[in-house]
Amino acid sequence: MGRIMRIAVCEDESVVREDIVKLMQKYQPDADVTAFASGEELLEAGMQYDIVFLDILFDDRMSGIQTARSIREKQENDENRKSIIVFITGYREYMEEAFDVNAFHYLLKPVSEDRFAQVLDRAWKEQSAYIESANKKVLVHTSGGVTEGYGKMERLEAELDGYFYRCHRCCLVNMEKISAYSTDIIRTGR
């Protein structure tokens, strides 16, 4: 059985947190989404998440930037297990600090559904190393494992055009993840 993509939503405003969780359920219904009200709660969970949606400012608590630094420190020795961090905030002035911790993106509140969907789609593509079809299933290989689903390679190829290369009728490879290739082998990762 495949591994389900793990998503963390860390936001102290309950309405915003619930909205992001609902959007996640709409756009990635098979994902395992866990919500947290603070950076401390997220870190105490001790879990590895594929994608983390993280508020920058919490009321009198550890900031989202500090939380992201802690996440990065824990992942420092494992190049293949880096969480994608997307900051959610109402303040533009923290953008520079957000990118100091290798944030993938920065969403401003109120978060529009269209913008959220675009960022989530890009994050999903970034997380995926390659996709293969096996019988009627589609297997998405990420740094954290394999996620199973159903779909047609032709449809995925069209949706991922420009990001993934179809090297075989049963395989699409994320071009940004290719580390080496020859006439008969494509290697992903480092």
# chains A, B, ... in the order shown; residues from 1 in each chain; ligands from 1
>>> residues_around(residues="Ser112 (chain A)", least_positions_apart="5", cutoff="12 Å", atoms="only C-alpha atoms", output="PyMOL selection string")
chain A and resi 16+19-20+23+88+107+117-119
>>> residues_around(residues="Lys137 (chain A)", least_positions_apart="4", cutoff="8 Å", atoms="only C-alpha atoms", output="list in words")
Ser133, Glu148, Gly149, Tyr150 and Gly151 of chain A
>>> select_by_dssp(residues="region 72-132 of chain A", states="strand (DSSP E)", output="list in words")
Ile84, Ile85, Val86, Phe87, Ile88, Thr89, His105, Tyr106, Leu107, Leu108, Ser128, Ala129, Tyr130, Ile131 and Glu132 of chain A
>>> residues_around(residues="Ala37 (chain A)", least_positions_apart="4", cutoff="7 Å", atoms="only C-alpha atoms", output="list in words")
Cys10, Glu11, Asp12 and Glu41 of chain A
>>> residues_around(residues="Ile7 (chain A)", least_positions_apart="4", cutoff="9 Å", atoms="only C-alpha atoms", output="VMD selection string")
chain A and resid 24 31 to 35 49 to 53
>>> atom_distance(atom1="CA of Glu76 (chain A)", atom2="CA of Gln28 (chain A)")
27.6 Å
>>> residues_around(residues="Tyr106 (chain A)", least_positions_apart="2", cutoff="8 Å", atoms="only C-alpha atoms", output="ChimeraX atom specification")
/A:86-89,95,98,103-104,108
>>> write_last_selection(atoms="all heavy atoms", output="PDB file, in the first residue's frame")
ATOM      1  N   VAL A  86       5.296  26.630   3.163  1.00  0.00           N
ATOM      2  CA  VAL A  86       4.553  27.733   2.566  1.00  0.00           C
ATOM      3  C   VAL A  86       4.070  28.602   3.717  1.00  0.00           C
ATOM      4  O   VAL A  86       3.307  28.144   4.566  1.00  0.00           O
ATOM      5  CB  VAL A  86       3.344  27.229   1.739  1.00  0.00           C
ATOM      6  CG1 VAL A  86       2.556  28.408   1.177  1.00  0.00           C
ATOM      7  CG2 VAL A  86       3.797  26.288   0.624  1.00  0.00           C
ATOM      8  N   PHE A  87       4.552  29.849   3.756  1.00  0.00           N
ATOM      9  CA  PHE A  87       4.120  30.756   4.811  1.00  0.00           C
ATOM     10  C   PHE A  87       2.793  31.402   4.452  1.00  0.00           C
ATOM     11  O   PHE A  87       2.538  31.736   3.295  1.00  0.00           O
ATOM     12  CB  PHE A  87       5.165  31.849   5.065  1.00  0.00           C
ATOM     13  CG  PHE A  87       6.323  31.370   5.894  1.00  0.00           C
ATOM     14  CD1 PHE A  87       7.562  31.184   5.324  1.00  0.00           C
ATOM     15  CD2 PHE A  87       6.160  31.102   7.249  1.00  0.00           C
ATOM     16  CE1 PHE A  87       8.628  30.740   6.081  1.00  0.00           C
ATOM     17  CE2 PHE A  87       7.215  30.655   8.019  1.00  0.00           C
ATOM     18  CZ  PHE A  87       8.460  30.476   7.425  1.00  0.00           C
ATOM     19  N   ILE A  88       1.954  31.572   5.476  1.00  0.00           N
ATOM     20  CA  ILE A  88       0.660  32.234   5.338  1.00  0.00           C
ATOM     21  C   ILE A  88       0.673  33.397   6.327  1.00  0.00           C
ATOM     22  O   ILE A  88       0.862  33.182   7.522  1.00  0.00           O
ATOM     23  CB  ILE A  88      -0.490  31.279   5.703  1.00  0.00           C
ATOM     24  CG1 ILE A  88      -0.443  30.018   4.867  1.00  0.00           C
ATOM     25  CG2 ILE A  88      -1.832  31.976   5.543  1.00  0.00           C
ATOM     26  CD1 ILE A  88      -1.337  28.927   5.387  1.00  0.00           C
ATOM     27  N   THR A  89       0.480  34.611   5.827  1.00  0.00           N
ATOM     28  CA  THR A  89       0.544  35.763   6.721  1.00  0.00           C
ATOM     29  C   THR A  89      -0.165  36.968   6.130  1.00  0.00           C
ATOM     30  O   THR A  89      -0.434  37.005   4.938  1.00  0.00           O
ATOM     31  CB  THR A  89       2.017  36.132   7.044  1.00  0.00           C
ATOM     32  OG1 THR A  89       2.033  37.113   8.065  1.00  0.00           O
ATOM     33  CG2 THR A  89       2.747  36.610   5.822  1.00  0.00           C
ATOM     34  N   MET A  95       8.700  38.756   4.347  1.00  0.00           N
ATOM     35  CA  MET A  95       9.015  37.945   3.180  1.00  0.00           C
ATOM     36  C   MET A  95      10.494  37.579   3.104  1.00  0.00           C
ATOM     37  O   MET A  95      10.841  36.435   2.818  1.00  0.00           O
ATOM     38  CB  MET A  95       8.577  38.679   1.911  1.00  0.00           C
ATOM     39  CG  MET A  95       8.172  37.748   0.811  1.00  0.00           C
ATOM     40  SD  MET A  95       7.520  38.603  -0.627  1.00  0.00           S
ATOM     41  CE  MET A  95       5.869  38.998  -0.106  1.00  0.00           C
ATOM     42  N   ALA A  98      11.347  34.895   5.506  1.00  0.00           N
ATOM     43  CA  ALA A  98      10.735  33.627   5.088  1.00  0.00           C
ATOM     44  C   ALA A  98      11.639  32.892   4.114  1.00  0.00           C
ATOM     45  O   ALA A  98      11.799  31.671   4.196  1.00  0.00           O
ATOM     46  CB  ALA A  98       9.366  33.883   4.455  1.00  0.00           C
ATOM     47  N   ALA A 103      11.819  28.975   2.307  1.00  0.00           N
ATOM     48  CA  ALA A 103      10.376  28.828   2.107  1.00  0.00           C
ATOM     49  C   ALA A 103      10.110  28.622   0.626  1.00  0.00           C
ATOM     50  O   ALA A 103      10.774  29.196  -0.230  1.00  0.00           O
ATOM     51  CB  ALA A 103       9.640  30.073   2.601  1.00  0.00           C
ATOM     52  N   PHE A 104       9.130  27.806   0.340  1.00  0.00           N
ATOM     53  CA  PHE A 104       8.745  27.527  -1.039  1.00  0.00           C
ATOM     54  C   PHE A 104       7.900  28.665  -1.598  1.00  0.00           C
ATOM     55  O   PHE A 104       8.034  29.066  -2.741  1.00  0.00           O
ATOM     56  CB  PHE A 104       7.959  26.208  -1.085  1.00  0.00           C
ATOM     57  CG  PHE A 104       7.459  25.837  -2.444  1.00  0.00           C
ATOM     58  CD1 PHE A 104       8.335  25.329  -3.392  1.00  0.00           C
ATOM     59  CD2 PHE A 104       6.126  25.983  -2.771  1.00  0.00           C
ATOM     60  CE1 PHE A 104       7.883  24.985  -4.653  1.00  0.00           C
ATOM     61  CE2 PHE A 104       5.666  25.639  -4.029  1.00  0.00           C
ATOM     62  CZ  PHE A 104       6.545  25.137  -4.971  1.00  0.00           C
ATOM     63  N   LEU A 108      -0.385  35.570   1.098  1.00  0.00           N
ATOM     64  CA  LEU A 108      -0.919  36.661   1.921  1.00  0.00           C
ATOM     65  C   LEU A 108      -2.379  36.406   2.277  1.00  0.00           C
ATOM     66  O   LEU A 108      -3.154  35.913   1.449  1.00  0.00           O
ATOM     67  CB  LEU A 108      -0.803  37.992   1.173  1.00  0.00           C
ATOM     68  CG  LEU A 108       0.603  38.560   1.057  1.00  0.00           C
ATOM     69  CD1 LEU A 108       0.608  39.784   0.154  1.00  0.00           C
ATOM     70  CD2 LEU A 108       1.160  38.924   2.422  1.00  0.00           C
TER      71      LEU A 108
END
>>> residues_around(residues="Glu176 (chain A)", least_positions_apart="3", cutoff="12 Å", atoms="only C-alpha atoms", output="ChimeraX atom specification")
/A:125-130,162-165,173,179-180,187-190
>>> select_by_dssp(residues="region 64-190 of chain A", states="helix (DSSP H, G or I)", output="ChimeraX atom specification")
/A:64-75,92-100,113-127,153-159,175-177
>>> closest_residue(among="A:Ser83, A:Arg169, A:Asn174, A:Gly64", to="Gln48 (chain A)", atoms="only C-alpha atoms")
A:Ser83
>>> atom_distance(atom1="CA of Asp30 (chain A)", atom2="CA of Ile131 (chain A)")
16.4 Å
>>> closest_residue(among="A:Ala8, A:Arg72, A:Tyr94, A:Val21", to="Ala45 (chain A)", atoms="only C-alpha atoms")
A:Ala8
>>> decode(residues="region 10-159 of chain A", atoms="C-alpha atoms", output="short mmCIF file (atom, residue, chain, number, x, y, z; two decimals), in the first residue's frame")
data_model
loop_
_atom_site.label_atom_id
_atom_site.label_comp_id
_atom_site.auth_asym_id
_atom_site.auth_seq_id
_atom_site.Cartn_x
_atom_site.Cartn_y
_atom_site.Cartn_z
CA CYS A 10 -0.10 25.59 11.45
CA GLU A 11 -2.15 28.74 12.05
CA ASP A 12 -3.34 30.35 15.29
CA GLU A 13 -6.46 31.96 13.76
CA SER A 14 -9.02 29.14 13.86
CA VAL A 15 -11.09 30.48 10.95
CA VAL A 16 -8.04 30.72 8.67
CA ARG A 17 -6.79 27.30 9.85
CA GLU A 18 -10.17 25.69 9.11
CA ASP A 19 -10.35 27.38 5.69
CA ILE A 20 -6.90 26.06 4.71
CA VAL A 21 -7.81 22.55 5.91
CA LYS A 22 -11.02 22.67 3.82
CA LEU A 23 -9.07 23.79 0.76
CA MET A 24 -6.59 20.95 1.33
CA GLN A 25 -9.45 18.45 1.53
CA LYS A 26 -10.90 19.86 -1.68
CA TYR A 27 -7.68 19.83 -3.72
CA GLN A 28 -5.87 16.86 -2.13
CA PRO A 29 -8.65 14.68 -0.67
CA ASP A 30 -6.31 11.72 -0.11
CA ALA A 31 -3.74 13.72 1.86
CA ASP A 32 -3.33 13.28 5.61
CA VAL A 33 -3.92 16.82 6.88
CA THR A 34 -3.11 17.74 10.49
CA ALA A 35 -3.92 21.17 11.93
CA PHE A 36 -1.97 22.95 14.67
CA ALA A 37 -2.62 26.23 16.49
CA SER A 38 1.06 26.98 17.26
CA GLY A 39 4.60 26.23 16.18
CA GLU A 40 5.20 24.44 19.47
CA GLU A 41 2.32 22.03 18.80
CA LEU A 42 3.70 21.29 15.33
CA LEU A 43 7.21 20.60 16.63
CA GLU A 44 5.97 18.56 19.61
CA ALA A 45 4.09 16.25 17.21
CA GLY A 46 7.52 15.08 16.01
CA MET A 47 6.21 14.13 12.59
CA GLN A 48 7.80 14.62 9.19
CA TYR A 49 5.46 16.51 6.84
CA ASP A 50 5.74 16.75 3.09
CA ILE A 51 4.20 20.22 2.99
CA VAL A 52 3.80 22.67 5.89
CA PHE A 53 1.48 25.69 5.65
CA LEU A 54 2.80 27.93 8.40
CA ASP A 55 1.65 31.25 9.83
CA ILE A 56 4.48 33.71 10.49
CA LEU A 57 3.15 35.41 13.63
CA PHE A 58 1.55 33.63 16.58
CA ASP A 59 0.12 35.36 19.64
CA ASP A 60 2.92 35.49 22.26
CA ARG A 61 4.46 32.25 21.04
CA MET A 62 7.30 30.95 18.93
CA SER A 63 7.13 32.65 15.52
CA GLY A 64 6.61 30.79 12.28
CA ILE A 65 10.14 31.76 11.24
CA GLN A 66 11.54 30.15 14.43
CA THR A 67 9.36 27.09 13.79
CA ALA A 68 10.64 26.84 10.22
CA ARG A 69 14.25 27.12 11.45
CA SER A 70 13.63 24.24 13.88
CA ILE A 71 12.12 22.14 11.08
CA ARG A 72 15.14 22.86 8.84
CA GLU A 73 17.61 22.04 11.64
CA LYS A 74 15.96 18.65 12.18
CA GLN A 75 16.11 17.94 8.44
CA GLU A 76 19.64 19.29 7.98
CA ASN A 77 21.36 15.93 7.56
CA ASP A 78 18.77 14.40 5.25
CA GLU A 79 18.68 16.05 1.81
CA ASN A 80 15.92 13.69 0.68
CA ARG A 81 13.49 14.61 3.47
CA LYS A 82 12.94 18.35 3.18
CA SER A 83 9.48 19.68 3.93
CA ILE A 84 8.08 22.24 1.57
CA ILE A 85 7.22 25.29 3.69
CA VAL A 86 4.55 27.73 2.57
CA PHE A 87 4.12 30.76 4.81
CA ILE A 88 0.66 32.23 5.34
CA THR A 89 0.54 35.76 6.72
CA GLY A 90 -1.02 39.17 6.54
CA TYR A 91 2.36 40.91 6.64
CA ARG A 92 4.56 41.47 3.60
CA GLU A 93 7.50 42.71 5.64
CA TYR A 94 8.49 39.18 6.73
CA MET A 95 9.01 37.94 3.18
CA GLU A 96 12.81 38.26 3.29
CA GLU A 97 13.06 36.27 6.54
CA ALA A 98 10.74 33.63 5.09
CA PHE A 99 13.11 32.97 2.24
CA ASP A 100 16.08 32.76 4.64
CA VAL A 101 14.61 29.43 5.79
CA ASN A 102 14.11 28.23 2.20
CA ALA A 103 10.38 28.83 2.11
CA PHE A 104 8.74 27.53 -1.04
CA HIS A 105 6.13 30.27 -1.19
CA TYR A 106 4.49 33.08 0.73
CA LEU A 107 0.67 33.43 0.72
CA LEU A 108 -0.92 36.66 1.92
CA LYS A 109 -4.11 36.64 3.98
CA PRO A 110 -6.89 36.51 3.13
CA VAL A 111 -5.82 33.51 1.05
CA SER A 112 -7.70 33.28 -2.24
CA GLU A 113 -8.75 29.82 -3.34
CA ASP A 114 -7.22 30.26 -6.80
CA ARG A 115 -3.85 31.32 -5.41
CA PHE A 116 -3.90 28.50 -2.87
CA ALA A 117 -4.67 25.95 -5.61
CA GLN A 118 -1.77 27.26 -7.74
CA VAL A 119 0.72 27.10 -4.88
CA LEU A 120 -0.46 23.64 -3.77
CA ASP A 121 -0.17 22.36 -7.35
CA ARG A 122 3.39 23.69 -7.64
CA ALA A 123 4.30 22.25 -4.23
CA TRP A 124 2.91 18.85 -5.21
CA LYS A 125 4.97 18.91 -8.42
CA GLU A 126 8.07 19.92 -6.49
CA GLN A 127 7.57 17.07 -4.01
CA SER A 128 7.17 14.45 -6.74
CA ALA A 129 10.28 12.80 -8.20
CA TYR A 130 8.53 10.56 -10.71
CA ILE A 131 5.18 9.00 -11.53
CA GLU A 132 4.61 5.53 -12.86
CA SER A 133 1.54 3.61 -13.88
CA ALA A 134 1.05 0.05 -12.67
CA ASN A 135 -2.06 -1.73 -13.86
CA LYS A 136 -4.78 0.90 -13.35
CA LYS A 137 -3.00 2.70 -10.53
CA VAL A 138 -0.74 5.73 -10.64
CA LEU A 139 2.17 5.66 -8.20
CA VAL A 140 3.65 9.04 -7.26
CA HIS A 141 7.17 8.66 -5.88
CA THR A 142 8.21 11.43 -3.50
CA SER A 143 11.16 11.88 -1.17
CA GLY A 144 9.00 10.48 1.62
CA GLY A 145 7.63 7.39 -0.11
CA VAL A 146 5.00 6.38 -2.62
CA THR A 147 1.44 7.69 -2.91
CA GLU A 148 -1.11 5.62 -4.85
CA GLY A 149 -4.04 6.91 -6.82
CA TYR A 150 -5.99 6.37 -10.01
CA GLY A 151 -5.56 8.28 -13.23
CA LYS A 152 -4.41 8.16 -16.82
CA MET A 153 -0.83 8.91 -17.75
CA GLU A 154 -1.98 10.95 -20.77
CA ARG A 155 -3.99 13.27 -18.53
CA LEU A 156 -1.14 13.62 -16.02
CA GLU A 157 1.34 14.29 -18.81
CA ALA A 158 -0.87 17.10 -20.13
CA GLU A 159 -1.34 18.60 -16.65
#
